[in-house]
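One structure is given below, encoded as structure tokens.
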Amino acid sequence: MKITNQIIGEYLNCKYKAYLLATEVASEPSDYEALMRHREEQYARAATSALFSPNNLDFGMRNKPITTKDLKDGTANIAGVFIENESLALKLHGIKRVPGDSLLGPFHYEPVLFSSLDRPSDKTHRLLLSMGGLALEKLQHVWPAHGTLVRGATYKPHRIDLNGARIEAEKFEGELHDILTGTARPSLRLNEHCRVCGYQYRCKAEAQRTDDLSLLRRMSEREIRSYSRKGITTVGQLSHTFRFRKRGKRVKARGRPHSFPLQALAIREKSVFVVSRPAVPKAPTFIYVDMEGSPSGDFVYLLGMLIVESGISKYQFFWADNENDEKKMFSDFCEFIERFDNAHLFYYGSYEARVFKRLITLFQGGSANDIFTTCSTNVLSLIYANIYFPTYSNELKEIAKYLGFEWSSPSATGLDSIVWRAKWEISHESVTKDLLLTYNKDDCLALRKVTDFLSALPELDDSTDSNEGGIRFVEQIKQEDNVGKFGKKPFAMNEFSEINERAYFDYQRDKV
């Protein structure tokens with residue numbers, strides 16, 4: 001098997017996924033993955049039409065490997081280039097002729113790649129261009145000093161320096177070759193790519209079977225390796241390393257770091273651990289806000305909220321058919337918020353916080369801005385490092401599910417909402433729009449569930465101290481380290497106490 005674009009891309013996302021592909025483990029791409037591929041293909045076709053002459057599209061149409069003889073013709077720009085040799089089988093969106101002596105003549109070629117993202121990963125695309133440089137070097141006997149990345153809706157070209165990238169590309173090629181030949185097998189590591197991957201259920205089941213540390217969502221590869229060097233490779237083992245230490249007053253001001261050992265302990269004992277009881281704001285009106293839009297937050301098309309006043313709840317939403325409608329949607333939302341006196345907004349995570357900053361910039365001086373700045377609370381910030389649920393992450397879906405909340409579509413995620421929106425933009429079917437509205441409303445209800453739980457947390461003396469389940473303060477955890485090293489040891493059985501009394505070194509000499 002040769003190194004292909006797919007293998008390279010998946011290896012950058014997840015080494016273990018590249019291994020599964022190399023060993024031909026079957027999988028179907030997720031709906032989101034299929035959507036992203038379709039969008040990239042559409043973008044590539046549009047960019048090719050905009051940047052390349054129709055006379056130079058022949059190679060891509062036939063998928064015929066280009067040769068040194070073909071390149072010697074000296075065509076200025078060639079689109080859809082397929083390069084194949086003993087180790088690589090790569091497709092480049094294009095190549096560009098530049099001056100400089102080579103096997104071809106007084107010129108050589110540089111790789112060209114497209115990305116529909118306005119802010120793609122420079123490191124990732126530099127490596128992809130470098131792999132294209134390796135393939136081109138074998139045809140022209142010259143390493144290309146630069147590559148071109150065309151990105152965004154305006155097809156703006158960005159020249160990327162490839163000087164010094166050859167060593168990294170060769171090392172990368174060697175790693176991929178070891179996987180393809182079976183001489184290396186990467187370890188399973190769950191990561192952020194799992195949520196869009198067709199192997200996600202397979203890998204999660206395997207990770208749960210081995211109780212792998214990567215089940216803890218925010219734990220980095222570096223932290224996993226650090227624990228592994230200490231012999232800690234499972235969540236269960238990690239849970240036994242937690243030691244409660246009282247913190248000074250200055251720590252409270254700075255904020256506590258998240259404790260993975262305590263999170264692991266919460267999972268093991270199926271308990272909610274409270275480090276510090278958060279202060280949940282009180283108000284006559286609570287508004288729970290959730291938004292749906294592009295992952296970057298540059299375009300929001302659905303802004304939903306659950307208004308709770310005097311124990312009565314009502315769902316309200318604002319919708320934008322397209323980007324031109326977004327500002328009107330925001331304006332209607334701000335006008336609606338301004339109707340409430342002494343209301344408090346709750347949201348979950350950084351997405352809504354970024355959108356609120358946009359609103360403050362768009363509508364300067366509005367009374368709604370005061371609500372966004374002084375009367376809004378990120379519920380996730382109340383949980384982080386303060387409350388530890390027996391879940392592998394602090395995602396709203398996991399915590400609300402633990403608290404007993406059920407979504408109308410149990411398996412739906414935020415990525416599914418992106419797929420639904422894409423379908424609606426094509427069909428404008430009310431059924432698809434209803435899916436989005438129901439999902440958004442469920443998120444608002446789940447946010448209320450979590451917020452109510454935090455508000456109802458007991459004081460230290462009222463918490464349920466049990467070996468499993470319930471709510472516990474970390475100060476209640478009985479540590480083995482607190483047991484004195486000297487003095488008579490208590491035993492659960494009298495027989496063990498008698499054995500221990502006769503176990504010291506000179507008992508046989510002095511007593512028998």
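Ordering of the structure tokens sets the chain letters (A, B, ...), residue numbers begin anew at 1 in every chain, and ligands are numbered from 1 in the order given.
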### Long-range neighbours of stretch 335-348 of chain A as a list of chain:residue names, 8 Å cut-off, only C-alpha atoms, 2 positions minimum in chain
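Final neighbour list, sorted by chain and number: A:Pro281, A:Lys282, A:Ala283, A:Pro284, A:Thr285, A:Phe286, A:Ile287, A:Tyr288, A:Val289, A:Asp290, A:Ser331, A:Asp332, A:Phe333, A:Ser350, A:Tyr351, A:Glu352, A:Ser367, A:Ala368, A:Ile371, A:Phe372, A:Cys375, A:Ser376, A:Thr377, A:Asn378, A:Val379, A:Leu380, A:Leu396, A:Leu447.
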Export of the given selection (N, CA and C atoms) as a JSON list (two decimals), in the first residue's frame:
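That gives us part.json:
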[["chain", "number", "residue", "atom", "x", "y", "z"],
["A", 281, "PRO", "N", -25.74, 32.93, 40.40],
["A", 281, "PRO", "CA", -26.49, 34.20, 40.57],
["A", 281, "PRO", "C", -27.99, 33.96, 40.71],
["A", 282, "LYS", "N", -28.63, 34.85, 41.46],
["A", 282, "LYS", "CA", -30.07, 34.82, 41.64],
["A", 282, "LYS", "C", -30.70, 36.00, 40.90],
["A", 283, "ALA", "N", -31.88, 35.78, 40.35],
["A", 283, "ALA", "CA", -32.60, 36.84, 39.64],
["A", 283, "ALA", "C", -34.06, 36.43, 39.48],
["A", 284, "PRO", "N", -34.96, 37.40, 39.31],
["A", 284, "PRO", "CA", -36.38, 37.05, 39.11],
["A", 284, "PRO", "C", -36.63, 36.35, 37.78],
["A", 285, "THR", "N", -35.75, 36.59, 36.81],
["A", 285, "THR", "CA", -35.92, 35.96, 35.49],
["A", 285, "THR", "C", -34.60, 35.34, 35.06],
["A", 286, "PHE", "N", -34.66, 34.06, 34.72],
["A", 286, "PHE", "CA", -33.49, 33.36, 34.19],
["A", 286, "PHE", "C", -33.70, 33.12, 32.70],
["A", 287, "ILE", "N", -32.66, 33.37, 31.90],
["A", 287, "ILE", "CA", -32.71, 33.13, 30.46],
["A", 287, "ILE", "C", -31.54, 32.21, 30.09],
["A", 288, "TYR", "N", -31.86, 31.04, 29.60],
["A", 288, "TYR", "CA", -30.85, 30.04, 29.23],
["A", 288, "TYR", "C", -30.68, 30.09, 27.71],
["A", 289, "VAL", "N", -29.48, 30.44, 27.27],
["A", 289, "VAL", "CA", -29.23, 30.73, 25.85],
["A", 289, "VAL", "C", -28.37, 29.64, 25.23],
["A", 290, "ASP", "N", -28.74, 29.25, 24.01],
["A", 290, "ASP", "CA", -27.92, 28.32, 23.23],
["A", 290, "ASP", "C", -27.97, 28.75, 21.76],
["A", 331, "SER", "N", -30.38, 41.82, 16.13],
["A", 331, "SER", "CA", -31.10, 43.01, 16.58],
["A", 331, "SER", "C", -32.40, 42.63, 17.28],
["A", 332, "ASP", "N", -33.13, 41.67, 16.70],
["A", 332, "ASP", "CA", -34.38, 41.21, 17.32],
["A", 332, "ASP", "C", -34.11, 40.56, 18.68],
["A", 333, "PHE", "N", -33.04, 39.83, 18.76],
["A", 333, "PHE", "CA", -32.68, 39.18, 20.02],
["A", 333, "PHE", "C", -32.39, 40.22, 21.10],
["A", 350, "SER", "N", -17.47, 28.58, 25.49],
["A", 350, "SER", "CA", -16.90, 29.81, 24.94],
["A", 350, "SER", "C", -17.59, 30.28, 23.67],
["A", 351, "TYR", "N", -18.38, 29.42, 23.02],
["A", 351, "TYR", "CA", -19.00, 29.79, 21.74],
["A", 351, "TYR", "C", -19.91, 31.00, 21.91],
["A", 352, "GLU", "N", -20.84, 30.92, 22.86],
["A", 352, "GLU", "CA", -21.77, 32.03, 23.09],
["A", 352, "GLU", "C", -21.03, 33.28, 23.58],
["A", 367, "SER", "N", -28.84, 48.73, 25.87],
["A", 367, "SER", "CA", -28.97, 48.23, 27.24],
["A", 367, "SER", "C", -28.74, 46.73, 27.32],
["A", 368, "ALA", "N", -28.93, 46.02, 26.21],
["A", 368, "ALA", "CA", -28.66, 44.59, 26.20],
["A", 368, "ALA", "C", -27.20, 44.30, 26.45],
["A", 371, "ILE", "N", -26.42, 43.58, 29.97],
["A", 371, "ILE", "CA", -26.77, 42.21, 30.35],
["A", 371, "ILE", "C", -25.66, 41.25, 29.93],
["A", 372, "PHE", "N", -25.15, 41.43, 28.70],
["A", 372, "PHE", "CA", -24.10, 40.54, 28.21],
["A", 372, "PHE", "C", -22.83, 40.63, 29.04],
["A", 375, "CYS", "N", -24.53, 40.72, 33.51],
["A", 375, "CYS", "CA", -25.62, 39.84, 33.97],
["A", 375, "CYS", "C", -25.67, 38.56, 33.15],
["A", 376, "SER", "N", -24.52, 38.00, 32.86],
["A", 376, "SER", "CA", -24.47, 36.73, 32.14],
["A", 376, "SER", "C", -23.42, 35.84, 32.79],
["A", 377, "THR", "N", -23.65, 34.55, 32.78],
["A", 377, "THR", "CA", -22.75, 33.60, 33.44],
["A", 377, "THR", "C", -22.49, 32.40, 32.53],
["A", 378, "ASN", "N", -21.23, 32.09, 32.37],
["A", 378, "ASN", "CA", -20.84, 30.86, 31.69],
["A", 378, "ASN", "C", -20.88, 29.73, 32.71],
["A", 379, "VAL", "N", -21.85, 28.85, 32.61],
["A", 379, "VAL", "CA", -22.04, 27.78, 33.59],
["A", 379, "VAL", "C", -20.84, 26.85, 33.62],
["A", 380, "LEU", "N", -20.19, 26.68, 32.48],
["A", 380, "LEU", "CA", -19.00, 25.82, 32.45],
["A", 380, "LEU", "C", -17.92, 26.36, 33.38],
["A", 396, "LEU", "N", -21.71, 19.60, 28.07],
["A", 396, "LEU", "CA", -23.09, 19.72, 28.54],
["A", 396, "LEU", "C", -23.85, 18.41, 28.35],
["A", 447, "LEU", "N", -29.25, 22.84, 29.79],
["A", 447, "LEU", "CA", -28.51, 23.88, 30.51],
["A", 447, "LEU", "C", -29.24, 24.26, 31.80]]
#### Entry: Near-A:Ile477 list (8 Å; only C-alpha atoms; drop same-chain fewer than 3 positions) as a PyMOL selection string
chain A and resi 244+473-474
### Task
Pick out each residue of stretch 289-392 of chain A that DSSP on the backbone tags as strand (DSSP E); I need them as a ChimeraX atom specification.
/A:289-293,300-309,312-319,343-347,376-378,387-388
### Message
Taking 5 positions as the minimum chain separation for residues in the same chain, which residues sit within 6 Å of stretch 201-215 of chain A when counting only C-alpha atoms? Answer as number ranges by chain.
### Response
A: 189-190, 234-235
Considering only C-alpha atoms, give me a table of residues in stretch 338-444 of chain A that are at most 10 Å from stretch 314-320 of chain A, with the closest atom pair and distance in Å for each, as CSV.
residue,atom,partner,partner_atom,distance
A:Lys433,CA,A:Trp319,CA,9.9
A:Leu437,CA,A:Phe317,CA,8.0
A:Asn440,CA,A:Phe317,CA,8.9
A:Lys441,CA,A:Tyr315,CA,7.0
A:Cys444,CA,A:Tyr315,CA,8.5
File dump, residues just selected, N, CA and C atoms, as a PDB file, in the first residue's frame:
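See out22.pdb below for the written result:
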ATOM      1  N   LYS A 433     -35.686  21.827   9.544  1.00  0.00           N
ATOM      2  CA  LYS A 433     -35.635  22.990  10.436  1.00  0.00           C
ATOM      3  C   LYS A 433     -36.163  22.616  11.819  1.00  0.00           C
ATOM      4  N   LEU A 437     -34.504  23.102  15.580  1.00  0.00           N
ATOM      5  CA  LEU A 437     -35.177  23.811  16.667  1.00  0.00           C
ATOM      6  C   LEU A 437     -35.334  22.913  17.894  1.00  0.00           C
ATOM      7  N   ASN A 440     -31.947  22.530  19.561  1.00  0.00           N
ATOM      8  CA  ASN A 440     -31.590  23.756  20.266  1.00  0.00           C
ATOM      9  C   ASN A 440     -32.387  23.899  21.564  1.00  0.00           C
ATOM     10  N   LYS A 441     -33.679  23.595  21.496  1.00  0.00           N
ATOM     11  CA  LYS A 441     -34.515  23.682  22.702  1.00  0.00           C
ATOM     12  C   LYS A 441     -34.037  22.684  23.756  1.00  0.00           C
ATOM     13  N   CYS A 444     -31.127  24.045  25.602  1.00  0.00           N
ATOM     14  CA  CYS A 444     -31.534  25.039  26.600  1.00  0.00           C
ATOM     15  C   CYS A 444     -32.087  24.363  27.855  1.00  0.00           C
TER      16      CYS A 444
END
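For the pair atom CA of A:Arg268 and atom CA of A:Pro390, the separation is 7.6 Å.
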### Message
Given only C-alpha atoms as the basis, pick out the residue of A:Phe491, A:Glu309, A:Val280, A:Val355 nearest to A:Ser455.
### Response
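Ranked by minimum distance to A:Ser455, first place goes to A:Val280.
Around A:Lys72, within 7 Å and counting only C-alpha atoms, the residues found are Thr68, Lys69 and Leu104 of chain A, once anything fewer than 3 positions away on its own chain is removed.
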### Task
Would you mind reading off the distance between atom CA of A:Gly174 and atom CA of A:Ile7, one decimal, in Å?
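It comes out at 13.1 Å.
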### Counting only C-alpha atoms, the residue of A:Glu173, A:Glu41, A:Glu326, A:Glu33 that sits nearest A:Lys2
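Counting only C-alpha atoms, the residue closest to A:Lys2 is A:Glu173.
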